[in-house]
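Colleague: Just one file: final-v6.cif, with mmCIF, C-alpha atoms and all ligand atoms.
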```cif
data_entry
loop_
_atom_site.label_atom_id
_atom_site.label_comp_id
_atom_site.auth_asym_id
_atom_site.auth_seq_id
_atom_site.Cartn_x
_atom_site.Cartn_y
_atom_site.Cartn_z
CA MET A 1 31.97 76.15 42.79
CA PRO A 2 35.17 74.40 41.68
CA GLY A 3 34.40 70.91 40.36
CA CYS A 4 30.62 71.46 40.14
CA GLN A 5 29.05 70.56 36.77
CA GLU A 6 25.60 72.07 37.40
CA ALA A 7 24.43 75.19 35.58
CA ALA A 8 25.01 78.32 37.69
CA HIS A 9 21.68 80.15 37.67
CA TYR A 10 21.91 81.66 41.14
CA ARG A 11 23.96 84.64 42.18
CA ALA A 12 25.24 85.69 45.55
CA PRO A 13 27.20 88.75 46.66
CA ARG A 14 30.94 88.20 46.87
CA SER A 15 31.26 89.96 50.20
CA PRO A 16 29.48 92.46 52.44
CA ARG A 17 31.61 95.19 50.86
CA THR A 18 30.80 94.22 47.28
CA LEU A 19 27.13 93.35 47.26
CA HIS A 20 26.81 94.42 43.62
CA SER A 21 29.51 91.95 42.55
CA TYR A 22 28.40 88.33 42.42
CA TYR A 23 29.43 84.73 42.37
CA TRP A 24 27.22 82.43 40.34
CA PHE A 25 26.25 79.03 41.71
CA CYS A 26 23.92 76.15 41.08
CA LEU A 27 20.98 75.91 43.46
CA GLU A 28 22.65 73.47 45.81
CA HIS A 29 25.84 75.49 46.06
CA VAL A 30 24.15 78.87 46.41
CA ARG A 31 22.35 77.38 49.38
CA ASP A 32 25.65 76.21 50.85
CA TYR A 33 27.16 79.62 50.20
CA ASN A 34 24.26 81.44 51.78
CA ARG A 35 24.40 79.24 54.84
CA SER A 36 28.05 80.06 55.36
CA TRP A 37 27.67 83.73 54.60
CA ASP A 38 28.70 85.75 57.63
CA TYR A 39 26.74 88.90 57.10
CA PHE A 40 27.57 90.10 60.58
CA ARG A 41 31.31 89.66 60.49
CA GLU A 42 31.99 93.38 60.12
CA MET A 43 29.67 94.38 62.93
CA ARG A 44 30.59 94.82 66.55
CA PRO A 45 28.87 92.48 69.04
CA ASP A 46 26.69 95.29 70.38
CA GLN A 47 25.56 96.14 66.85
CA ILE A 48 24.70 92.52 66.16
CA GLU A 49 22.72 92.40 69.38
CA ALA A 50 20.92 95.63 68.45
CA TYR A 51 20.12 94.14 65.06
CA ARG A 52 18.77 90.91 66.51
CA HIS A 53 16.73 92.89 69.00
CA SER A 54 15.31 95.03 66.21
CA VAL A 55 14.23 91.95 64.25
CA ASN A 56 12.81 90.14 67.25
CA THR A 57 10.80 93.03 68.54
CA TRP A 58 9.96 94.67 65.21
CA HIS A 59 11.50 97.90 66.29
CA ARG A 60 13.65 100.06 64.11
CA PRO A 61 17.31 99.48 64.94
CA THR A 62 18.95 102.35 66.73
CA TRP A 63 22.01 102.13 64.50
CA ARG A 64 20.10 102.51 61.26
CA MET A 65 21.10 106.13 60.69
CA GLY A 66 24.15 105.97 62.89
CA VAL A 67 27.45 104.16 63.09
CA ASN A 68 26.70 101.34 60.70
CA GLY A 69 26.52 103.25 57.44
CA HIS A 70 27.74 100.16 55.67
CA ALA A 71 24.78 98.03 56.68
CA ARG A 72 22.39 100.77 55.64
CA ALA A 73 24.06 101.25 52.26
CA SER A 74 24.23 97.54 51.51
CA SER A 75 20.55 97.05 52.26
CA VAL A 76 19.70 99.47 49.47
CA ARG A 77 21.81 97.73 46.85
CA TRP A 78 21.05 94.20 47.87
CA GLY A 79 18.17 92.99 45.75
CA SER A 80 15.73 90.40 47.05
CA ASP A 81 16.98 87.82 44.51
CA SER A 82 20.32 87.74 46.28
CA ASP A 83 19.12 88.02 49.83
CA PRO A 84 20.42 84.90 51.58
CA PHE A 85 18.50 85.53 54.78
CA GLY A 86 15.25 86.87 53.35
CA LEU A 87 15.69 90.00 55.42
CA PHE A 88 14.84 92.62 52.86
CA ASP A 89 11.66 93.66 51.13
CA GLU A 90 11.38 94.31 47.40
CA ASP A 91 13.04 97.70 47.71
CA GLY A 92 16.03 96.06 49.28
CA ASN A 93 15.29 97.77 52.55
CA PRO A 94 14.65 95.51 55.51
CA PHE A 95 12.86 98.07 57.64
CA ASP A 96 10.56 100.21 55.51
CA GLN A 97 7.61 97.91 56.15
CA ILE A 98 8.19 97.82 59.87
CA THR A 99 6.54 100.41 62.06
CA GLU A 100 6.37 100.88 65.78
CA PRO A 101 3.18 99.34 67.13
CA GLN A 102 0.99 102.21 68.20
CA PRO A 103 -0.84 101.86 71.51
CA ARG A 104 -4.54 101.75 70.77
CA VAL A 105 -6.00 104.60 72.75
CA ASP A 106 -9.74 104.91 72.81
CA LYS A 107 -10.31 108.44 74.01
CA VAL A 108 -13.94 107.85 74.97
CA VAL A 109 -13.02 104.85 77.08
CA ALA A 110 -10.05 106.64 78.67
CA LYS A 111 -12.21 109.63 79.57
CA ALA A 112 -15.00 107.43 80.95
CA LEU A 113 -12.56 105.45 83.10
CA ALA A 114 -11.13 108.71 84.41
CA THR A 115 -14.64 109.92 85.25
CA LEU A 116 -15.10 106.77 87.32
CA GLU A 117 -11.68 107.44 88.89
CA LEU A 118 -10.30 104.23 87.41
CA ALA A 119 -6.91 103.47 85.92
CA PRO A 120 -6.62 102.87 82.13
CA LEU A 121 -6.21 99.11 82.62
CA ALA A 122 -9.30 98.69 84.77
CA THR A 123 -11.36 95.55 84.14
CA ALA A 124 -15.10 95.23 83.59
CA GLN A 125 -15.39 94.03 87.18
CA ASP A 126 -13.55 97.17 88.37
CA VAL A 127 -15.97 99.29 86.35
CA ARG A 128 -19.08 97.61 87.80
CA THR A 129 -17.80 97.81 91.36
CA ARG A 130 -16.77 101.44 91.06
CA TYR A 131 -19.99 102.42 89.31
CA LYS A 132 -22.15 100.93 92.09
CA ALA A 133 -20.08 102.71 94.75
CA LEU A 134 -20.19 106.09 93.00
CA ALA A 135 -23.88 105.82 92.08
CA LYS A 136 -24.63 105.23 95.73
CA LYS A 137 -22.28 107.98 96.91
CA TYR A 138 -23.85 110.63 94.65
CA HIS A 139 -27.44 109.41 94.89
CA PRO A 140 -29.81 112.39 95.39
CA ASP A 141 -31.36 110.78 98.48
CA LEU A 142 -28.00 110.80 100.21
CA ASN A 143 -26.98 114.31 99.14
CA GLY A 144 -29.93 116.42 100.22
CA GLY A 145 -30.78 117.32 96.62
CA SER A 146 -27.31 118.79 96.00
CA LYS A 147 -27.04 120.14 92.46
CA ALA A 148 -23.35 119.27 92.33
CA ALA A 149 -24.01 115.67 93.35
CA GLU A 150 -26.74 115.44 90.71
CA GLU A 151 -24.34 116.67 88.00
CA ARG A 152 -21.66 114.28 89.15
CA LEU A 153 -24.10 111.37 89.07
CA LYS A 154 -25.10 112.35 85.53
CA GLU A 155 -21.41 112.24 84.44
CA ILE A 156 -20.97 108.89 86.16
CA ASN A 157 -24.03 107.42 84.44
CA GLN A 158 -22.84 108.66 81.04
CA ALA A 159 -19.35 107.30 81.62
CA TYR A 160 -20.73 103.93 82.70
CA SER A 161 -23.02 103.77 79.64
CA SER A 162 -20.15 104.44 77.25
CA LEU A 163 -18.02 101.82 79.00
CA VAL A 164 -20.80 99.22 78.73
CA ALA A 165 -21.14 100.13 75.05
CA ALA A 166 -17.38 99.64 74.67
CA GLY A 167 -17.57 96.14 76.13
CA TYR A 168 -17.08 96.78 79.84
CA ALA A 169 -20.18 94.86 80.74
ZN ZN A 201 27.07 73.62 42.18
#
```
Can you dump the structure from the file as C-alpha cells?
Ligand SMILES: [Zn+2]
Modeller:
Amino acid sequence: MPGCQEAAHYRAPRSPRTLHSYYWFCLEHVRDYNRSWDYFREMRPDQIEAYRHSVNTWHRPTWRMGVNGHARASSVRWGSDSDPFGLFDEDGNPFDQITEPQPRVDKVVAKALATLELAPLATAQDVRTRYKALAKKYHPDLNGGSKAAEERLKEINQAYSSLVAAGYA
C-alpha cells in the first residue's frame, strides 16, 4: 500500500480474473483490501442471489457447472491463504465438503406406521390412539374368529411393538 512502512507478508489476488497474481500487503492493509474486495462484481444479481442461497441453505449452487465458469475456475486456483472471505476449503473448492442433507428414513418405522394406517409424521399419541382403535376393531371377540382379522391383529401388534421400540411410546 503506497506510504505503508510495514513488512508485506500477506498476499491477495489482484482481481477476480487474476487470482494467481497477487498484491502483497501488511496485515492491516490486507484486511482493508479484503474488506473492499468485490468478489461478486462480475456476477449478475440472480447469480449472486443463487450463491447466497447456496451458502445459507448448504445446497449446491445451481450455477456451479453452468453459466458462471469463471467462479468455478477461480475457486480451484484460489488457495485458502488468499481467501478473503474464508469461503473455500483446503482444496480451494468451496463446495466439496457440502452435501445435500439426506432425509433420515427408517424403513421399519415407515412400514409400521403404514400398517397402522398412519402418515409418516404421526406422533406417539397418534400411534397409541390408532393402535387402541385397530386392536379393538380386529379383536377376535368382535370378528367371530375370522382368520383374516386374526392375521391383521398380529400385523398391528408387531407394528406397534416396533414403534414402541423406536421411541413411539
Ligand atoms: Zn500496510
Colleague: Name the residues, by chain letter and number, that sit within 8 Å of ligand ZN 201 (chain A) using only C-alpha atoms and all ligand atoms, and give them as a JSON list (two decimals) with C-alpha atoms, in the coordinates of the input.
Modeller:
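File produced: selection38.json:
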```json
[["chain", "number", "residue", "atom", "x", "y", "z"],
["A", 1, "MET", "CA", 31.97, 76.15, 42.79],
["A", 4, "CYS", "CA", 30.62, 71.46, 40.14],
["A", 5, "GLN", "CA", 29.05, 70.56, 36.77],
["A", 6, "GLU", "CA", 25.60, 72.07, 37.40],
["A", 7, "ALA", "CA", 24.43, 75.19, 35.58],
["A", 8, "ALA", "CA", 25.01, 78.32, 37.69],
["A", 25, "PHE", "CA", 26.25, 79.03, 41.71],
["A", 26, "CYS", "CA", 23.92, 76.15, 41.08],
["A", 27, "LEU", "CA", 20.98, 75.91, 43.46],
["A", 28, "GLU", "CA", 22.65, 73.47, 45.81],
["A", 29, "HIS", "CA", 25.84, 75.49, 46.06],
["A", 30, "VAL", "CA", 24.15, 78.87, 46.41]]
```
Colleague: How far is it from atom CA of A:Ala112 to atom CA of A:His139, in Å with one decimal?
Modeller: 18.8 Å
Colleague: Counting only C-alpha atoms, which of A:Ser162, A:Leu116, A:Pro13, A:Glu155 gets nearest to A:Thr129?
Modeller: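 Among A:Ser162, A:Leu116, A:Pro13, A:Glu155, it is A:Leu116 that comes nearest to A:Thr129.
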Colleague: One number please: atom CA of A:Asp141 to atom CA of A:Tyr160, in Å, one decimal.
Modeller: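 Separating atom CA of A:Asp141 from atom CA of A:Tyr160 is a distance of 20.2 Å.
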Colleague: Identify which of the residues A:Tyr10, A:Trp24, A:Tyr33, A:Tyr131 lies closest to A:Val164, counting all atoms listed in the file when measuring atom-to-atom distances.
Modeller: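 Of A:Tyr10, A:Trp24, A:Tyr33, A:Tyr131, the one nearest A:Val164, counting all atoms listed in the file, is A:Tyr131.
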Colleague: In Å to one decimal, how far is atom CA of A:Pro140 from atom CA of A:Ser161?
Modeller: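 So the answer is 19.2 Å.
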Colleague: Got a sec: who's within 10 Å of A:Tyr168, counting only C-alpha atoms, leaving out chain neighbours fewer than 5 positions off, as number ranges by chain?
Modeller: A: 109, 122-128, 160-163
Colleague: Counting all atoms listed in the file, which of A:Asn34, A:Ala114, A:Ala119, A:Ala135 gets nearest to A:Asn157?
Modeller: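 So, comparing all the options, the nearest one is A:Ala135.
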Colleague: Would you mind telling me which residue in A:Lys137, A:Ser15, A:Ala159, A:Glu151 lies nearest to A:Leu118 when using all atoms listed in the file?
Modeller: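 Going through A:Lys137, A:Ser15, A:Ala159, A:Glu151 one by one, the smallest distance to A:Leu118 is for A:Ala159.
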